[in-house]
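Everything below belongs to coords-v9.cif, which stores mmCIF, C-alpha atoms.
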```cif
data_start
#
loop_
_atom_site.label_atom_id
_atom_site.label_comp_id
_atom_site.auth_asym_id
_atom_site.auth_seq_id
_atom_site.Cartn_x
_atom_site.Cartn_y
_atom_site.Cartn_z
CA LEU A 1 -32.34 -246.84 98.35
CA ASP A 2 -34.68 -245.04 100.74
CA ASP A 3 -38.46 -245.52 100.96
CA ASP A 4 -38.97 -243.02 98.12
CA GLY A 5 -36.64 -244.91 95.83
CA ARG A 6 -33.88 -242.34 96.02
CA GLY A 7 -30.27 -243.23 96.65
CA VAL A 8 -26.66 -243.06 95.55
CA VAL A 9 -25.12 -245.52 93.14
CA VAL A 10 -21.42 -246.16 93.87
CA ARG A 11 -19.72 -247.51 90.77
CA ARG A 12 -16.19 -247.66 92.19
CA ALA A 13 -14.47 -247.25 95.53
CA CYS A 14 -13.25 -243.80 96.64
CA VAL A 15 -10.16 -243.07 98.74
CA PRO A 16 -9.61 -240.20 101.15
CA GLY A 17 -8.40 -237.02 99.37
CA ALA A 18 -9.65 -238.05 95.94
CA ALA A 19 -10.59 -235.05 93.69
CA VAL A 20 -9.22 -232.61 96.27
CA SER A 21 -6.27 -230.25 95.53
CA PHE A 22 -3.98 -229.51 98.45
CA ALA A 23 -1.93 -226.38 98.96
CA GLY A 24 1.68 -226.78 97.82
CA THR A 25 1.11 -229.59 95.31
CA ASP A 26 1.88 -227.18 92.42
CA MET A 27 3.96 -224.44 94.01
CA GLY A 28 5.13 -224.32 97.57
CA LEU A 29 6.03 -221.40 99.79
CA GLY A 30 9.57 -220.26 99.03
CA GLU A 31 9.75 -222.13 95.71
CA THR A 32 11.22 -220.30 92.69
CA VAL A 33 8.70 -220.17 89.86
CA LEU A 34 10.59 -217.87 87.42
CA PHE A 35 14.32 -217.27 87.28
CA ALA A 36 15.95 -213.89 86.78
CA GLY A 37 16.43 -213.07 83.12
CA THR A 38 13.36 -215.00 81.96
CA ARG A 39 11.59 -213.31 79.07
CA LEU A 40 7.91 -212.81 79.92
CA ALA A 41 5.37 -214.35 77.55
CA SER A 42 1.89 -215.80 78.07
CA ARG A 43 3.14 -218.87 79.98
CA GLU A 44 5.20 -216.79 82.39
CA THR A 45 2.53 -214.17 83.01
CA GLY A 46 0.06 -217.00 83.65
CA VAL A 47 2.30 -218.37 86.39
CA LEU A 48 2.57 -214.92 87.96
CA ALA A 49 -1.21 -214.53 87.91
CA ALA A 50 -1.63 -217.95 89.51
CA ILE A 51 0.41 -216.86 92.54
CA GLY A 52 -1.38 -213.53 92.74
CA ARG A 53 1.43 -211.29 91.49
CA ASP A 54 0.24 -208.35 89.43
CA ARG A 55 3.65 -206.65 89.37
CA VAL A 56 7.24 -207.89 89.12
CA PRO A 57 10.50 -205.98 88.60
CA VAL A 58 11.64 -206.18 84.99
CA VAL A 59 14.50 -204.94 82.84
CA ARG A 60 13.13 -202.39 80.38
CA ARG A 61 14.11 -202.28 76.75
CA PRO A 62 17.13 -199.99 76.37
CA LYS A 63 16.39 -196.78 74.46
CA VAL A 64 18.58 -196.43 71.39
CA ALA A 65 18.73 -193.09 69.54
CA ILE A 66 19.59 -193.31 65.81
CA LEU A 67 20.87 -190.42 63.69
CA SER A 68 21.65 -190.65 59.99
CA THR A 69 24.08 -188.03 58.71
CA GLY A 70 25.33 -186.81 55.37
CA ASP A 71 24.58 -184.20 52.69
CA GLU A 72 23.77 -186.99 50.24
CA ILE A 73 21.01 -188.55 52.35
CA VAL A 74 17.38 -188.54 51.17
CA GLN A 75 14.60 -190.18 53.17
CA PRO A 76 12.49 -192.89 51.47
CA GLY A 77 9.45 -191.27 49.88
CA GLU A 78 11.24 -187.98 49.15
CA PRO A 79 12.18 -186.88 45.59
CA MET A 80 15.47 -188.34 44.34
CA SER A 81 18.17 -186.39 42.48
CA PRO A 82 21.48 -187.49 40.88
CA GLY A 83 24.27 -187.87 43.42
CA LEU A 84 21.92 -188.58 46.32
CA VAL A 85 21.10 -191.89 48.03
CA TYR A 86 18.11 -193.06 50.02
CA ASP A 87 18.70 -193.45 53.73
CA SER A 88 18.46 -197.21 54.20
CA ASN A 89 20.64 -197.17 57.33
CA GLY A 90 17.98 -195.45 59.42
CA ARG A 91 15.43 -198.17 58.72
CA ILE A 92 17.93 -201.04 58.91
CA LEU A 93 19.33 -199.94 62.27
CA ALA A 94 15.92 -199.20 63.82
CA ASP A 95 14.62 -202.66 62.95
CA ALA A 96 17.90 -204.32 63.98
CA VAL A 97 17.74 -202.59 67.38
CA ARG A 98 14.19 -203.87 67.86
CA GLU A 99 15.22 -207.41 66.85
CA VAL A 100 17.94 -207.61 69.52
CA GLY A 101 15.75 -206.28 72.33
CA GLY A 102 16.09 -202.50 72.19
CA GLU A 103 13.58 -199.68 71.67
CA PRO A 104 14.68 -197.59 68.66
CA PHE A 105 14.15 -193.83 68.34
CA PHE A 106 15.00 -192.63 64.83
CA LEU A 107 15.70 -188.91 65.16
CA GLY A 108 16.02 -188.27 61.42
CA ALA A 109 18.78 -187.43 58.96
CA PHE A 110 21.12 -184.48 59.50
CA ARG A 111 23.23 -182.66 56.96
CA ASP A 112 26.96 -182.18 57.38
CA ASP A 113 26.53 -179.24 59.71
CA GLU A 114 28.65 -179.34 62.86
CA ALA A 115 26.38 -177.16 65.01
CA ALA A 116 23.19 -179.03 64.02
CA LEU A 117 24.87 -182.39 64.62
CA ARG A 118 26.12 -181.29 68.04
CA THR A 119 22.60 -180.17 69.03
CA ALA A 120 21.06 -183.44 67.82
CA LEU A 121 23.64 -185.51 69.69
CA ASP A 122 23.06 -183.55 72.90
CA GLY A 123 19.33 -184.17 72.57
CA ALA A 124 19.86 -187.90 72.04
CA LEU A 125 22.15 -188.17 75.07
CA GLY A 126 19.41 -186.59 77.17
CA PHE A 127 17.21 -189.70 77.08
CA ALA A 128 18.94 -192.60 75.30
CA ASP A 129 20.87 -195.49 76.82
CA LEU A 130 22.92 -195.79 73.62
CA VAL A 131 23.37 -193.51 70.60
CA LEU A 132 24.04 -194.66 67.02
CA LEU A 133 25.23 -192.43 64.19
CA SER A 134 26.01 -193.46 60.63
CA GLY A 135 27.73 -191.75 57.71
CA GLY A 136 28.43 -188.03 57.74
CA THR A 137 31.87 -187.60 56.16
CA SER A 138 32.00 -184.08 54.73
CA LYS A 139 33.78 -183.04 51.55
CA GLY A 140 37.45 -182.57 52.36
CA GLU A 141 36.94 -181.43 55.94
CA GLY A 142 37.26 -184.72 57.80
CA ASP A 143 34.64 -186.73 59.58
CA LEU A 144 32.22 -184.35 61.31
CA ASN A 145 30.73 -187.15 63.37
CA ALA A 146 34.10 -188.04 64.86
CA ARG A 147 34.87 -184.39 65.50
CA VAL A 148 31.64 -183.83 67.45
CA VAL A 149 31.83 -187.15 69.30
CA GLY A 150 35.44 -186.41 70.20
CA GLU A 151 34.20 -183.52 72.36
CA LEU A 152 32.41 -185.95 74.70
CA GLU A 153 33.88 -187.20 77.97
CA PRO A 154 35.69 -189.59 77.81
CA GLY A 155 35.04 -189.30 74.06
CA ILE A 156 36.49 -191.58 71.40
CA LEU A 157 37.88 -194.90 72.63
CA VAL A 158 38.42 -196.72 69.31
CA HIS A 159 38.41 -195.31 65.79
CA GLY A 160 38.97 -197.88 63.06
CA VAL A 161 39.21 -201.66 63.25
CA ALA A 162 40.92 -204.31 61.11
CA LEU A 163 37.62 -205.50 59.65
CA LYS A 164 36.18 -205.55 56.13
CA PRO A 165 33.54 -204.31 55.65
CA GLY A 166 33.41 -201.97 58.63
CA LYS A 167 36.89 -200.49 59.10
CA PRO A 168 35.76 -196.88 59.90
CA ILE A 169 33.64 -197.74 62.99
CA CYS A 170 34.14 -195.38 65.92
CA LEU A 171 33.42 -196.41 69.52
CA ALA A 172 32.98 -193.63 72.07
CA ALA A 173 31.09 -192.72 75.24
CA GLN A 174 29.57 -189.85 77.16
CA GLY A 175 29.96 -190.88 80.78
CA THR A 176 28.53 -194.42 80.86
CA THR A 177 26.41 -193.96 77.70
CA PRO A 178 27.91 -195.69 74.63
CA VAL A 179 28.06 -193.61 71.44
CA VAL A 180 28.86 -195.48 68.21
CA ILE A 181 29.53 -194.09 64.75
CA LEU A 182 28.78 -196.80 62.20
CA PRO A 183 30.06 -196.69 58.61
CA GLY A 184 27.77 -195.06 56.06
CA PHE A 185 27.70 -198.02 53.67
CA PRO A 186 24.73 -200.26 54.59
CA THR A 187 26.48 -203.63 54.62
CA SER A 188 29.35 -202.20 56.69
CA ALA A 189 26.85 -200.65 59.08
CA VAL A 190 24.95 -203.93 59.52
CA PHE A 191 28.05 -206.05 60.13
CA THR A 192 29.58 -203.66 62.63
CA PHE A 193 26.23 -203.26 64.39
CA HIS A 194 25.92 -206.99 64.99
CA GLU A 195 29.59 -207.35 65.90
CA PHE A 196 29.97 -204.41 68.31
CA VAL A 197 26.55 -202.94 69.18
CA ALA A 198 24.06 -205.83 69.37
CA PRO A 199 25.84 -207.57 72.30
CA VAL A 200 25.68 -204.32 74.31
CA ILE A 201 21.96 -203.85 73.64
CA ARG A 202 21.24 -207.46 74.61
CA GLU A 203 23.22 -206.97 77.83
CA PHE A 204 21.28 -203.79 78.63
CA ALA A 205 18.02 -205.64 77.91
CA GLY A 206 18.90 -208.53 80.22
CA LEU A 207 19.00 -211.00 77.33
CA PRO A 208 21.51 -213.81 76.89
CA ARG A 209 24.25 -213.56 74.29
CA ASP A 210 23.19 -214.30 70.74
CA ARG A 211 24.31 -217.80 69.79
CA ARG A 212 24.65 -217.92 66.02
CA GLU A 213 24.49 -221.28 64.34
CA ALA A 214 27.31 -222.19 61.96
CA VAL A 215 27.58 -224.84 59.23
CA ARG A 216 30.43 -226.24 57.17
CA ALA A 217 30.46 -225.70 53.41
CA LYS A 218 32.81 -225.72 50.43
CA LEU A 219 33.46 -222.40 48.73
CA ALA A 220 32.05 -222.59 45.20
CA LEU A 221 34.17 -219.81 43.71
CA ARG A 222 37.64 -218.49 44.38
CA ALA A 223 37.65 -215.52 46.75
CA VAL A 224 40.31 -212.81 46.93
CA SER A 225 40.71 -210.91 50.20
CA GLU A 226 42.77 -207.97 51.44
CA ARG A 227 45.69 -208.81 53.70
CA GLY A 228 45.66 -207.09 57.07
CA ARG A 229 41.90 -207.07 57.74
CA THR A 230 39.46 -209.79 58.74
CA GLU A 231 36.87 -209.94 55.97
CA TYR A 232 33.23 -210.95 56.17
CA LEU A 233 32.23 -212.57 52.87
CA LEU A 234 28.49 -212.88 52.29
CA VAL A 235 27.49 -216.23 50.79
CA GLY A 236 24.43 -218.08 49.56
CA LEU A 237 24.19 -221.77 50.44
CA VAL A 238 23.02 -224.56 48.15
CA THR A 239 22.96 -228.34 48.64
CA ARG A 240 25.53 -230.50 46.87
CA PRO A 241 24.73 -233.94 45.42
CA ASP A 242 26.70 -235.58 48.26
CA GLY A 243 24.47 -233.90 50.86
CA GLY A 244 27.02 -231.24 51.77
CA LEU A 245 26.76 -227.50 51.15
CA SER A 246 28.35 -225.13 48.65
CA ALA A 247 28.84 -221.47 49.54
CA TYR A 248 28.50 -218.97 46.69
CA PRO A 249 29.97 -215.48 47.29
CA MET A 250 27.20 -212.88 47.01
CA GLY A 251 29.34 -209.84 46.28
CA LYS A 252 31.59 -207.86 48.60
CA GLY A 253 30.42 -204.28 48.09
CA SER A 254 29.98 -202.36 51.34
CA GLY A 255 26.87 -200.73 49.91
CA SER A 256 25.21 -203.93 48.70
CA VAL A 257 21.93 -204.01 50.59
CA THR A 258 20.41 -206.68 48.33
CA ALA A 259 23.38 -209.02 48.80
CA PHE A 260 22.93 -208.89 52.57
CA SER A 261 19.17 -209.40 52.35
CA ARG A 262 19.55 -212.49 50.16
CA ALA A 263 22.61 -214.07 51.80
CA ASP A 264 22.28 -217.16 53.99
CA GLY A 265 25.36 -216.38 56.02
CA PHE A 266 28.93 -215.12 55.97
CA VAL A 267 32.44 -216.53 55.98
CA ARG A 268 35.20 -214.98 58.06
CA ILE A 269 38.42 -214.72 56.07
CA ALA A 270 41.43 -214.35 58.34
CA ARG A 271 43.35 -211.08 58.18
CA ASN A 272 46.51 -212.67 56.76
CA THR A 273 44.72 -214.64 54.03
CA GLU A 274 44.73 -213.20 50.51
CA ILE A 275 43.19 -216.04 48.49
CA VAL A 276 40.68 -218.74 49.39
CA GLU A 277 40.55 -221.28 46.57
CA ALA A 278 37.36 -222.85 45.29
CA GLU A 279 36.42 -226.11 47.04
CA THR A 280 38.07 -224.95 50.27
CA GLU A 281 36.00 -225.99 53.29
CA VAL A 282 34.83 -222.95 55.24
CA GLU A 283 32.65 -222.23 58.25
CA VAL A 284 29.52 -220.25 57.44
CA THR A 285 27.84 -218.29 60.23
CA LEU A 286 24.13 -218.25 59.45
CA ILE A 287 22.17 -215.01 59.25
CA GLY A 288 18.75 -215.41 60.83
CA GLY A 289 19.65 -218.44 62.92
CA GLU A 290 18.58 -221.24 60.59
CA LEU A 291 19.25 -222.53 57.09
CA ARG A 292 16.21 -222.43 54.83
CA ILE A 293 16.32 -224.89 51.93
CA SER A 294 14.66 -223.45 48.81
CA ASP A 295 12.21 -225.37 46.64
CA LEU A 296 13.98 -224.14 43.50
CA VAL A 297 17.62 -223.07 43.13
CA VAL A 298 18.55 -221.00 40.05
CA ILE A 299 22.21 -220.14 39.43
CA GLY A 300 23.51 -218.49 36.28
CA SER A 301 22.94 -215.47 34.08
CA HIS A 302 21.04 -212.46 35.38
CA CYS A 303 17.85 -211.52 33.55
CA ALA A 304 14.89 -209.28 34.31
CA GLY A 305 12.53 -211.93 32.90
CA LEU A 306 13.88 -214.46 35.39
CA ASP A 307 12.89 -212.13 38.23
CA VAL A 308 9.32 -212.11 36.89
CA VAL A 309 9.21 -215.93 36.80
CA ALA A 310 10.69 -216.23 40.30
CA GLY A 311 8.20 -213.68 41.60
CA ALA A 312 5.27 -215.63 40.15
CA LEU A 313 6.51 -218.83 41.79
CA SER A 314 6.92 -217.05 45.12
CA ARG A 315 3.32 -215.87 44.98
CA GLU A 316 2.30 -219.51 44.58
CA GLY A 317 4.06 -220.39 47.84
CA PHE A 318 7.35 -221.72 46.47
CA THR A 319 10.69 -220.55 47.87
CA VAL A 320 13.10 -219.62 45.10
CA LYS A 321 16.81 -218.84 45.43
CA VAL A 322 18.32 -216.92 42.49
CA MET A 323 22.06 -216.22 42.32
CA ALA A 324 23.58 -214.28 39.42
CA VAL A 325 27.06 -215.63 38.73
CA GLY A 326 27.07 -215.43 34.93
CA SER A 327 26.34 -218.04 32.29
CA GLN A 328 29.62 -219.89 32.70
CA GLY A 329 29.25 -219.99 36.48
CA GLY A 330 25.72 -221.31 36.08
CA LEU A 331 26.86 -224.01 33.65
CA ALA A 332 29.49 -225.13 36.14
CA ALA A 333 26.97 -225.10 39.00
CA VAL A 334 24.41 -227.24 37.21
CA GLY A 335 27.18 -229.58 36.09
CA ARG A 336 28.08 -230.12 39.75
CA GLY A 337 24.43 -230.68 40.65
CA GLU A 338 24.23 -227.57 42.84
CA CYS A 339 21.17 -226.01 41.22
CA ASP A 340 17.95 -227.05 39.52
CA VAL A 341 18.15 -224.58 36.63
CA ALA A 342 21.02 -222.60 35.10
CA PRO A 343 19.95 -219.69 32.86
CA ILE A 344 22.63 -219.33 30.14
CA HIS A 345 23.21 -217.52 26.85
CA LEU A 346 26.65 -218.60 25.70
CA LEU A 347 27.81 -218.00 22.14
CA ASP A 348 30.19 -220.57 20.64
CA ALA A 349 32.71 -218.68 18.52
CA GLU A 350 33.46 -221.61 16.21
CA THR A 351 29.90 -222.62 15.33
CA GLY A 352 28.11 -219.33 15.91
CA ARG A 353 25.46 -221.22 17.89
CA TYR A 354 24.17 -220.44 21.37
CA ASN A 355 24.19 -222.79 24.37
CA GLU A 356 23.97 -226.25 22.77
CA PRO A 357 27.73 -226.63 22.08
CA PHE A 358 28.40 -226.14 25.81
CA LEU A 359 26.14 -228.90 27.13
CA GLU A 360 27.89 -231.75 28.92
CA SER A 361 26.61 -235.28 29.36
CA GLY A 362 23.61 -235.44 31.66
CA LEU A 363 22.46 -231.88 30.97
CA ARG A 364 19.36 -230.96 28.98
CA LEU A 365 18.67 -227.64 27.29
CA LEU A 366 15.22 -226.20 27.87
CA HIS A 367 14.47 -223.41 25.42
CA GLY A 368 13.38 -220.30 27.27
CA TYR A 369 12.43 -216.95 25.78
CA ALA A 370 13.99 -214.49 23.36
CA ARG A 371 15.24 -211.05 24.33
CA MET A 372 16.75 -208.16 22.44
CA GLN A 373 20.31 -207.27 23.43
CA GLY A 374 22.27 -204.33 22.11
CA VAL A 375 24.29 -201.20 22.66
CA VAL A 376 22.65 -198.62 24.92
CA THR A 377 23.37 -194.88 24.95
CA ARG A 378 21.64 -191.78 26.25
CA PRO A 379 18.94 -190.17 24.05
CA ASP A 380 21.25 -187.30 23.06
CA GLU A 381 23.78 -189.72 21.49
CA PRO A 382 22.60 -190.53 17.90
CA ARG A 383 25.77 -192.25 16.58
CA GLU A 384 26.00 -195.92 15.70
CA THR A 385 28.28 -198.45 17.37
CA ALA A 386 31.22 -198.04 14.97
CA ALA A 387 31.33 -194.31 15.65
CA LEU A 388 31.14 -194.90 19.41
CA LEU A 389 34.13 -197.22 19.24
CA ALA A 390 36.10 -194.75 17.12
CA ASP A 391 35.61 -191.92 19.62
CA GLU A 392 38.28 -192.39 22.29
CA THR A 393 36.72 -189.69 24.50
CA LEU A 394 33.74 -191.95 25.24
CA ARG A 395 33.71 -194.43 28.12
CA MET A 396 32.06 -197.82 27.96
CA VAL A 397 30.73 -199.92 30.82
CA ASN A 398 31.57 -203.61 30.46
CA ARG A 399 30.10 -206.74 32.08
CA ASN A 400 31.57 -209.25 34.52
CA ARG A 401 33.75 -212.03 33.20
CA GLY A 402 31.85 -215.29 32.87
CA ALA A 403 28.64 -213.57 31.77
CA GLY A 404 27.25 -214.50 28.36
CA THR A 405 27.00 -210.81 27.51
CA ARG A 406 30.71 -210.36 28.31
CA ILE A 407 31.64 -213.22 25.97
CA LEU A 408 29.67 -211.52 23.19
CA ILE A 409 31.27 -208.14 23.96
CA ASP A 410 34.80 -209.60 23.91
CA ARG A 411 34.12 -211.28 20.57
CA LEU A 412 32.80 -208.09 18.99
CA LEU A 413 35.60 -205.91 20.37
CA GLY A 414 38.40 -208.26 19.38
CA GLU A 415 41.69 -206.68 20.48
CA ARG A 416 40.15 -203.28 21.16
CA ARG A 417 39.85 -202.13 24.76
CA PRO A 418 37.85 -198.87 24.88
CA PRO A 419 38.17 -196.53 27.85
CA GLY A 420 36.09 -197.86 30.75
CA SER A 421 36.26 -201.51 29.71
CA PRO A 422 37.70 -202.60 33.11
CA SER A 423 34.37 -201.56 34.72
CA GLU A 424 32.55 -204.88 35.21
CA PRO A 425 29.09 -204.63 36.88
CA ARG A 426 27.21 -207.89 37.42
CA SER A 427 23.78 -207.00 36.01
CA HIS A 428 22.02 -205.39 33.08
CA TYR A 429 20.45 -202.88 35.47
CA ALA A 430 23.89 -201.70 36.62
CA VAL A 431 24.98 -201.15 33.01
CA ALA A 432 21.89 -199.07 32.23
CA ALA A 433 22.31 -197.07 35.45
CA ALA A 434 25.96 -196.25 34.63
CA VAL A 435 24.96 -194.85 31.22
CA SER A 436 21.89 -193.02 32.51
CA GLN A 437 23.88 -191.37 35.32
CA LYS A 438 26.69 -190.37 32.92
CA ARG A 439 29.28 -192.52 34.61
CA ALA A 440 29.67 -194.18 31.21
CA ASP A 441 28.63 -193.24 27.67
CA TRP A 442 27.65 -196.64 26.31
CA GLY A 443 27.35 -200.30 27.19
CA VAL A 444 25.56 -203.52 26.25
CA THR A 445 22.30 -204.47 27.95
CA ILE A 446 18.86 -205.87 27.14
CA GLU A 447 16.08 -203.79 25.63
CA THR A 448 13.59 -204.08 28.51
CA VAL A 449 16.12 -202.76 31.02
CA ALA A 450 17.17 -199.93 28.68
CA GLN A 451 13.54 -198.85 28.30
CA GLN A 452 13.00 -198.84 32.07
CA SER A 453 16.04 -196.58 32.55
#
```

Could I get this file's structure written as structure tokens?
Amino acid sequence: LDDDGRGVVVRRACVPGAAVSFAGTDMGLGETVLFAGTRLASRETGVLAAIGRDRVPVVRRPKVAILSTGDEIVQPGEPMSPGLVYDSNGRILADAVREVGGEPFFLGAFRDDEAALRTALDGALGFADLVLLSGGTSKGEGDLNARVVGELEPGILVHGVALKPGKPICLAAQGTTPVVILPGFPTSAVFTFHEFVAPVIREFAGLPRDRREAVRAKLALRAVSERGRTEYLLVGLVTRPDGGLSAYPMGKGSGSVTAFSRADGFVRIARNTEIVEAETEVEVTLIGGELRISDLVVIGSHCAGLDVVAGALSREGFTVKVMAVGSQGGLAAVGRGECDVAPIHLLDAETGRYNEPFLESGLRLLHGYARMQGVVTRPDEPRETAALLADETLRMVNRNRGAGTRILIDRLLGERRPPGSPSEPRSHYAVAAAVSQKRADWGVTIETVAQQS
């Protein structure tokens, strides 16, 4: 202390260089701080700022022009008429391009007009790094898209692949700019996009190849495939009692947008395989990169009321997986311990009772709700069921085998097989739509769905 009582209190010894930062202790001259191909986020830009760099060369997002084509196309939000379909491909492809690192430019939908399509394609080639078209097959005059794209140089390189869904894909180029015609059906378009187009966009964007995770599972239901083409079978995954996974086919329609949105992954069925038996172990390539286990798994009969219940649970924060495989499929699934709940409405022909006669040991029946089920026709058809059956000019729409409604229909029909009975949609909504759109004259569905249609 000095004479005024001031001084410095040293509580511990100090060494030379303590609390001093020296140049080069973090980054030294000539040291690499970011490697080529690194995607810039807050951490990377922070490093660049720390070394005083306000600009670095980057790979820009490739510009991808998207054109939907076809006389039947209507944009979402526009009035709908019979025979038309909403353009889901435009939205699906734009978002898919963005997800894999591209910058989408949706140029709109174009009718089957060769001159208009040629003008639109020329405009797209003026700025885009890659051009996507979908649909556009005209009535009896061939594929207009392929005709216009064939005029490019070098033009069409591949037209058609041994793949299901997705056989009609067309790969072409104008100079070094890829031009791809994707199938018009949404599921086909999505599969072929990820198989053929996404890797090119990622390459243009300087991104690494997409590494999709795969899991092993046992196929829950027998699957029939077409020999000669590799098939992608959409599946939903559920946990088995032994800790393994079961893969439930989600439908194979090329236009099934909902099946793709709800599927967990897909199984590749080899081109020379016609039948994959149930319980066969398969490899499932995951969609979205990870397997999400649901809080509640519901497998069985389809019902509009079930959608309401599942929606209410979802709003409460629960994840719910619902798969419509019919009452018999649901009964088998719950018997194997693959679901928490199996909605069923099975009529026992001998006792005339519903559901209870089918319960196996270890299963408990929880009574749900009542619904009215009956024959549905259009408003201009006043006849009763007996008259409908007697009129051989009328077509019915059936239901899928294994559904409780199908069992009831078969019992009521007996040996009769009215025209249209081989048509087997998987939901009450599809039955009502077939009657409403005059693809069938009558069918069996539930009252709430009939009223909505």

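In this comparison, which uses all atoms listed in the file, the residue of A:Arg364, A:Arg11, A:Arg216, A:Arg43 approaching A:Leu291 most closely is A:Arg216.
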
* To do: Skip A:Leu125 itself and residues of its chain fewer than 4 positions away, then list as an MDAnalysis selection string all residues within 12 Å of it, counting all atoms listed in the file.
  => chainID A and resid 63:67 105 107 118:121 129:132 149 152 173:179

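The smallest atom-to-atom distance between A:Pro82 and any of A:Ala433, A:Gly28, A:Val449, A:Val376, using all atoms listed in the file, is found for A:Ala433.
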
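Across the model, the gap from atom CA of A:Thr445 to atom CA of A:Ala432 is 6.9 Å.
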
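Coordinates place atom CA of A:Ser246 at a distance of 5.8 Å from atom CA of A:Leu219.
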
* To do: Using the chain letters and numbering of this document, enumerate as an MDAnalysis selection string the residues selected by the PyMOL selection byres ((chain A and resi 263-271) around 7).
  => chainID A and resid 227:237 250 259:262 272:273 282:287 291

Let's have the selection written as a PDB file, in the coordinates of the input, with C-alpha atoms.
```pdb
ATOM      1  CA  ARG A 227      45.690-208.810  53.700  1.00  0.00           C
ATOM      2  CA  GLY A 228      45.660-207.090  57.070  1.00  0.00           C
ATOM      3  CA  ARG A 229      41.900-207.070  57.740  1.00  0.00           C
ATOM      4  CA  THR A 230      39.460-209.790  58.740  1.00  0.00           C
ATOM      5  CA  GLU A 231      36.870-209.940  55.970  1.00  0.00           C
ATOM      6  CA  TYR A 232      33.230-210.950  56.170  1.00  0.00           C
ATOM      7  CA  LEU A 233      32.230-212.570  52.870  1.00  0.00           C
ATOM      8  CA  LEU A 234      28.490-212.880  52.290  1.00  0.00           C
ATOM      9  CA  VAL A 235      27.490-216.230  50.790  1.00  0.00           C
ATOM     10  CA  GLY A 236      24.430-218.080  49.560  1.00  0.00           C
ATOM     11  CA  LEU A 237      24.190-221.770  50.440  1.00  0.00           C
ATOM     12  CA  MET A 250      27.200-212.880  47.010  1.00  0.00           C
ATOM     13  CA  ALA A 259      23.380-209.020  48.800  1.00  0.00           C
ATOM     14  CA  PHE A 260      22.930-208.890  52.570  1.00  0.00           C
ATOM     15  CA  SER A 261      19.170-209.400  52.350  1.00  0.00           C
ATOM     16  CA  ARG A 262      19.550-212.490  50.160  1.00  0.00           C
ATOM     17  CA  ASN A 272      46.510-212.670  56.760  1.00  0.00           C
ATOM     18  CA  THR A 273      44.720-214.640  54.030  1.00  0.00           C
ATOM     19  CA  VAL A 282      34.830-222.950  55.240  1.00  0.00           C
ATOM     20  CA  GLU A 283      32.650-222.230  58.250  1.00  0.00           C
ATOM     21  CA  VAL A 284      29.520-220.250  57.440  1.00  0.00           C
ATOM     22  CA  THR A 285      27.840-218.290  60.230  1.00  0.00           C
ATOM     23  CA  LEU A 286      24.130-218.250  59.450  1.00  0.00           C
ATOM     24  CA  ILE A 287      22.170-215.010  59.250  1.00  0.00           C
ATOM     25  CA  LEU A 291      19.250-222.530  57.090  1.00  0.00           C
TER      26      LEU A 291
END
```

* Hey, what's within 6 Å of stretch 402-417 of chain A if we count all atoms listed in the file and toss same-chain stuff fewer than 3 positions away? As a VMD selection string, please? -> chain A and resid 326 to 328 345 to 346 399
